[in-house]
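Enquirer: Quick one: the structure is below, and I'll ask about it shortly.
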Amino acid sequence: MVGLTDKAHAYARTLSGGLRRRLLLGKALVHHPHILVLDEPTAGVDIELRQMLWANIRKLNEQGMTIILTTHYLEEAEEMCDEIAIIDQGTVVARDSTANLLGRLDAKSMVVQPASPVGTLPQGAGITSELRDDGAVLLRYHGNATSADEVLAAVHASGISIRDVKTAEADLEDVFLALTKAT
């Protein structure tokens, strides 16, 4: 499971840092625990080890093992965790399902690449817009109050012909910053 079969007869002290991490994971799993605590498991590891580790963690979780993960890599936490607790200066400031935490901000953005230079920025209820240095228009809105269709209608009403468009929602980093910015 941890990819160390070819190192079965090697001394632990002769292994590289990444292989030592694999060995530590193997040692933690040898007794088939019900709960596995991982403290920053991907800090300083290469991409191959990171992918192998997450594939194994997913498999263990699917088999019923509870995994407790501490990490500063919020994109990994967002992808891997069903529930998240955010700790700020030793205090739990939020603990909820990942979906509920992400839904707290309801912040969405749309980046419109215009076909030609923009003369007038789009306007509309619940929509803020700004012209970026690269000529694209950044539009921010709340999905519960304003639909993407309304945002696009405001873009068309301002005379902008769209060459390309990209949308994004708030991520766990945005939620973390919103919850910890006051402290």
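Labels for the structure tokens follow display order: chains A, B, ..., residues from 1 in each chain, ligands from 1.
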List the neighbours of Ile162 of chain A out to 12 Å using only C-alpha atoms; skip same-chain residues closer than 3 positions along the sequence, and give me the result as a PDB file with N, CA and C atoms, in the first residue's frame.
Expert:
```
ATOM      1  N   MET A 110     -17.174  36.290 -12.054  1.00  0.00           N
ATOM      2  CA  MET A 110     -17.173  35.972 -13.471  1.00  0.00           C
ATOM      3  C   MET A 110     -16.150  36.885 -14.126  1.00  0.00           C
ATOM      4  N   VAL A 111     -15.269  36.291 -14.904  1.00  0.00           N
ATOM      5  CA  VAL A 111     -14.286  37.077 -15.646  1.00  0.00           C
ATOM      6  C   VAL A 111     -14.657  36.977 -17.116  1.00  0.00           C
ATOM      7  N   VAL A 112     -14.943  38.134 -17.701  1.00  0.00           N
ATOM      8  CA  VAL A 112     -15.343  38.193 -19.106  1.00  0.00           C
ATOM      9  C   VAL A 112     -14.185  38.762 -19.910  1.00  0.00           C
ATOM     10  N   GLN A 113     -13.753  38.006 -20.914  1.00  0.00           N
ATOM     11  CA  GLN A 113     -12.761  38.501 -21.871  1.00  0.00           C
ATOM     12  C   GLN A 113     -13.561  39.097 -23.029  1.00  0.00           C
ATOM     13  N   PRO A 114     -13.502  40.419 -23.186  1.00  0.00           N
ATOM     14  CA  PRO A 114     -14.284  41.036 -24.257  1.00  0.00           C
ATOM     15  C   PRO A 114     -13.616  40.842 -25.623  1.00  0.00           C
ATOM     16  N   ALA A 115     -14.433  40.859 -26.661  1.00  0.00           N
ATOM     17  CA  ALA A 115     -13.914  40.736 -28.024  1.00  0.00           C
ATOM     18  C   ALA A 115     -13.196  42.010 -28.464  1.00  0.00           C
ATOM     19  N   SER A 116     -13.547  43.140 -27.845  1.00  0.00           N
ATOM     20  CA  SER A 116     -12.910  44.425 -28.163  1.00  0.00           C
ATOM     21  C   SER A 116     -12.812  45.232 -26.869  1.00  0.00           C
ATOM     22  N   PRO A 117     -12.024  46.320 -26.865  1.00  0.00           N
ATOM     23  CA  PRO A 117     -11.884  47.108 -25.629  1.00  0.00           C
ATOM     24  C   PRO A 117     -13.231  47.562 -25.075  1.00  0.00           C
ATOM     25  N   VAL A 118     -13.300  47.587 -23.743  1.00  0.00           N
ATOM     26  CA  VAL A 118     -14.541  47.906 -23.043  1.00  0.00           C
ATOM     27  C   VAL A 118     -14.689  49.416 -22.886  1.00  0.00           C
ATOM     28  N   ALA A 136      -9.744  42.420 -19.244  1.00  0.00           N
ATOM     29  CA  ALA A 136     -10.906  41.609 -18.881  1.00  0.00           C
ATOM     30  C   ALA A 136     -11.754  42.362 -17.860  1.00  0.00           C
ATOM     31  N   VAL A 137     -13.012  41.990 -17.777  1.00  0.00           N
ATOM     32  CA  VAL A 137     -13.936  42.585 -16.815  1.00  0.00           C
ATOM     33  C   VAL A 137     -14.213  41.557 -15.726  1.00  0.00           C
ATOM     34  N   LEU A 152     -24.782  38.106 -17.074  1.00  0.00           N
ATOM     35  CA  LEU A 152     -24.519  38.128 -18.516  1.00  0.00           C
ATOM     36  C   LEU A 152     -25.411  39.139 -19.239  1.00  0.00           C
ATOM     37  N   ALA A 153     -26.641  39.291 -18.782  1.00  0.00           N
ATOM     38  CA  ALA A 153     -27.532  40.296 -19.375  1.00  0.00           C
ATOM     39  C   ALA A 153     -26.957  41.694 -19.161  1.00  0.00           C
ATOM     40  N   ALA A 154     -26.389  41.959 -17.973  1.00  0.00           N
ATOM     41  CA  ALA A 154     -25.765  43.265 -17.706  1.00  0.00           C
ATOM     42  C   ALA A 154     -24.556  43.473 -18.597  1.00  0.00           C
ATOM     43  N   VAL A 155     -23.809  42.413 -18.841  1.00  0.00           N
ATOM     44  CA  VAL A 155     -22.644  42.509 -19.740  1.00  0.00           C
ATOM     45  C   VAL A 155     -23.108  42.880 -21.143  1.00  0.00           C
ATOM     46  N   HIS A 156     -24.116  42.187 -21.645  1.00  0.00           N
ATOM     47  CA  HIS A 156     -24.637  42.486 -22.989  1.00  0.00           C
ATOM     48  C   HIS A 156     -25.250  43.881 -23.057  1.00  0.00           C
ATOM     49  N   ALA A 157     -25.953  44.301 -21.994  1.00  0.00           N
ATOM     50  CA  ALA A 157     -26.579  45.631 -21.961  1.00  0.00           C
ATOM     51  C   ALA A 157     -25.537  46.743 -22.012  1.00  0.00           C
ATOM     52  N   SER A 158     -24.325  46.462 -21.555  1.00  0.00           N
ATOM     53  CA  SER A 158     -23.271  47.482 -21.599  1.00  0.00           C
ATOM     54  C   SER A 158     -22.555  47.492 -22.940  1.00  0.00           C
ATOM     55  N   GLY A 159     -22.991  46.640 -23.870  1.00  0.00           N
ATOM     56  CA  GLY A 159     -22.426  46.626 -25.209  1.00  0.00           C
ATOM     57  C   GLY A 159     -21.173  45.781 -25.364  1.00  0.00           C
ATOM     58  N   VAL A 165     -15.445  33.504 -21.255  1.00  0.00           N
ATOM     59  CA  VAL A 165     -15.935  33.773 -19.903  1.00  0.00           C
ATOM     60  C   VAL A 165     -15.495  32.644 -18.974  1.00  0.00           C
ATOM     61  N   LYS A 166     -15.181  33.019 -17.734  1.00  0.00           N
ATOM     62  CA  LYS A 166     -14.781  32.045 -16.724  1.00  0.00           C
ATOM     63  C   LYS A 166     -15.490  32.413 -15.429  1.00  0.00           C
TER      64      LYS A 166
END
```
Enquirer: I need the residues of chain A that end up classed as strand (DSSP E or B) by DSSP on the backbone, written out as a ChimeraX atom specification.
Expert: /A:35-39,66-70,83-88,91-97,107-114,124,127-131,137-142,162-169
Enquirer: For Leu101 of chain A, which of A:Ala170, A:Thr180, A:Gly135, A:Arg50 is the closest residue, counting only C-alpha atoms?
Expert: A:Ala170
Enquirer: Mind checking DSSP for segment 86-178 of chain A and telling me the helix (DSSP H, G or I) residues as a VMD selection string?
Expert: chain A and resid 98 to 103 148 to 157 172 to 178
Enquirer: Just give me the gap between atom CA of Leu23 of chain A and atom CA of Glu83 of chain A in Å, one decimal is fine.
Expert: 27.3 Å
Enquirer: List the spatial neighbours of segment 90-96 of chain A as a CSV table (one decimal) with N, CA and C atoms, in the first residue's frame - criterion: any atom at most 12 Å away, only C-alpha atoms, same-chain residues fewer than 3 positions off excluded.
Expert:
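What ended up in selection39.csv:
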```
chain,number,residue,atom,x,y,z
A,78,GLU,N,-10.2,21.0,1.3
A,78,GLU,CA,-11.4,21.2,0.6
A,78,GLU,C,-11.8,20.0,-0.2
A,81,CYS,N,-11.8,16.4,2.6
A,81,CYS,CA,-12.5,16.3,3.9
A,81,CYS,C,-14.0,16.5,3.7
A,82,ASP,N,-14.8,15.7,4.5
A,82,ASP,CA,-16.2,15.8,4.6
A,82,ASP,C,-16.6,16.9,5.6
A,83,GLU,N,-15.8,17.0,6.7
A,83,GLU,CA,-16.0,18.0,7.7
A,83,GLU,C,-14.7,18.7,7.9
A,84,ILE,N,-14.8,20.0,8.2
A,84,ILE,CA,-13.6,20.9,8.5
A,84,ILE,C,-13.8,21.7,9.7
A,85,ALA,N,-12.8,21.8,10.5
A,85,ALA,CA,-12.7,22.7,11.6
A,85,ALA,C,-11.6,23.7,11.3
A,86,ILE,N,-11.9,25.0,11.4
A,86,ILE,CA,-11.0,26.1,11.2
A,86,ILE,C,-10.6,26.6,12.6
A,87,ILE,N,-9.3,26.6,12.8
A,87,ILE,CA,-8.7,27.0,14.1
A,87,ILE,C,-7.9,28.3,13.9
A,99,ALA,N,-19.3,21.5,2.5
A,99,ALA,CA,-20.3,22.2,1.7
A,99,ALA,C,-20.9,23.3,2.4
A,100,ASN,N,-21.2,23.2,3.7
A,100,ASN,CA,-21.8,24.3,4.4
A,100,ASN,C,-20.8,25.4,4.6
A,101,LEU,N,-19.6,25.1,4.9
A,101,LEU,CA,-18.6,26.2,5.0
A,101,LEU,C,-18.4,26.9,3.7
A,102,LEU,N,-18.3,26.2,2.6
A,102,LEU,CA,-18.2,26.9,1.3
A,102,LEU,C,-19.4,27.7,1.0
A,103,GLY,N,-20.6,27.3,1.5
A,103,GLY,CA,-21.8,28.0,1.2
A,103,GLY,C,-22.0,29.3,2.0
A,104,ARG,N,-21.2,29.4,3.0
A,104,ARG,CA,-21.3,30.6,3.9
A,104,ARG,C,-21.1,31.9,3.2
A,172,LEU,N,-12.2,27.4,0.0
A,172,LEU,CA,-12.0,27.3,1.5
A,172,LEU,C,-11.0,28.4,2.0
A,175,VAL,N,-13.1,31.3,2.7
A,175,VAL,CA,-13.8,31.2,3.9
A,175,VAL,C,-12.9,31.3,5.1
A,176,PHE,N,-11.7,30.7,5.0
A,176,PHE,CA,-10.8,30.9,6.1
A,176,PHE,C,-10.4,32.3,6.4
A,177,LEU,N,-10.1,33.1,5.3
A,177,LEU,CA,-9.8,34.5,5.5
A,177,LEU,C,-11.0,35.3,6.1
A,178,ALA,N,-12.2,35.0,5.6
A,178,ALA,CA,-13.3,35.7,6.1
A,178,ALA,C,-13.5,35.4,7.6
A,179,LEU,N,-13.3,34.2,8.0
A,179,LEU,CA,-13.5,33.8,9.4
A,179,LEU,C,-12.4,34.3,10.4
A,180,THR,N,-11.2,34.5,9.8
A,180,THR,CA,-10.1,34.8,10.7
A,180,THR,C,-9.6,36.2,10.5
A,181,LYS,N,-10.1,37.0,9.7
A,181,LYS,CA,-9.6,38.4,9.4
A,181,LYS,C,-9.8,39.3,10.6
A,182,ALA,N,-10.7,39.1,11.4
A,182,ALA,CA,-11.0,40.1,12.5
A,182,ALA,C,-9.9,39.9,13.7
A,183,THR,N,-9.2,38.8,13.7
A,183,THR,CA,-8.3,38.5,14.8
A,183,THR,C,-6.9,38.8,14.4
```
Enquirer: Segment 57-70 of chain A: which residues within 9 Å, counting only C-alpha atoms, same-chain residues fewer than 6 positions away excluded, as JSON, numbers by chain?
Expert: {"A": [32, 33, 34, 35, 36, 37, 38, 39, 40, 41, 77, 80, 81]}
Enquirer: Kindly indicate which residue among A:Leu29, A:Leu24, A:Ile160, A:Ala10 lies nearest to Thr120 of chain A, using only C-alpha atoms for the distances.
Expert: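 Once distances to Thr120 of chain A are computed over only C-alpha atoms, the minimum belongs to A:Ile160.
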Enquirer: Residues near Ala43 of chain A, anyone? I mean within 12 Å using only C-alpha atoms, not counting same-chain ones fewer than 5 positions away, as a VMD selection string.
Expert: chain A and resid 17 to 18 21 38 49 to 50 53 70 to 73 76
Enquirer: Create the file for the chosen residues now, containing C-alpha atoms and written as a PDB file, in the first residue's frame.
Expert:
```
ATOM      1  CA  GLY A  17      12.659  11.759   3.326  1.00  0.00           C
ATOM      2  CA  GLY A  18       9.750  10.775   1.084  1.00  0.00           C
ATOM      3  CA  ARG A  21       7.099   9.304   5.204  1.00  0.00           C
ATOM      4  CA  LEU A  38      -2.269  12.698   9.953  1.00  0.00           C
ATOM      5  CA  LEU A  49       4.091  10.713  -3.089  1.00  0.00           C
ATOM      6  CA  ARG A  50       1.292  13.236  -2.543  1.00  0.00           C
ATOM      7  CA  LEU A  53      -0.860   9.218  -0.218  1.00  0.00           C
ATOM      8  CA  THR A  70      -4.234  18.759   9.992  1.00  0.00           C
ATOM      9  CA  THR A  71      -3.000  20.828   7.090  1.00  0.00           C
ATOM     10  CA  HIS A  72      -2.195  24.310   5.910  1.00  0.00           C
ATOM     11  CA  TYR A  73      -2.975  23.247   2.327  1.00  0.00           C
ATOM     12  CA  GLU A  76      -6.335  19.598  -0.128  1.00  0.00           C
TER      13      GLU A  76
END
```
Enquirer: Do you have the atom CA of Glu169 of chain A-atom CA of Tyr141 of chain A distance handy?
Expert: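 A separation of 9.9 Å between them.
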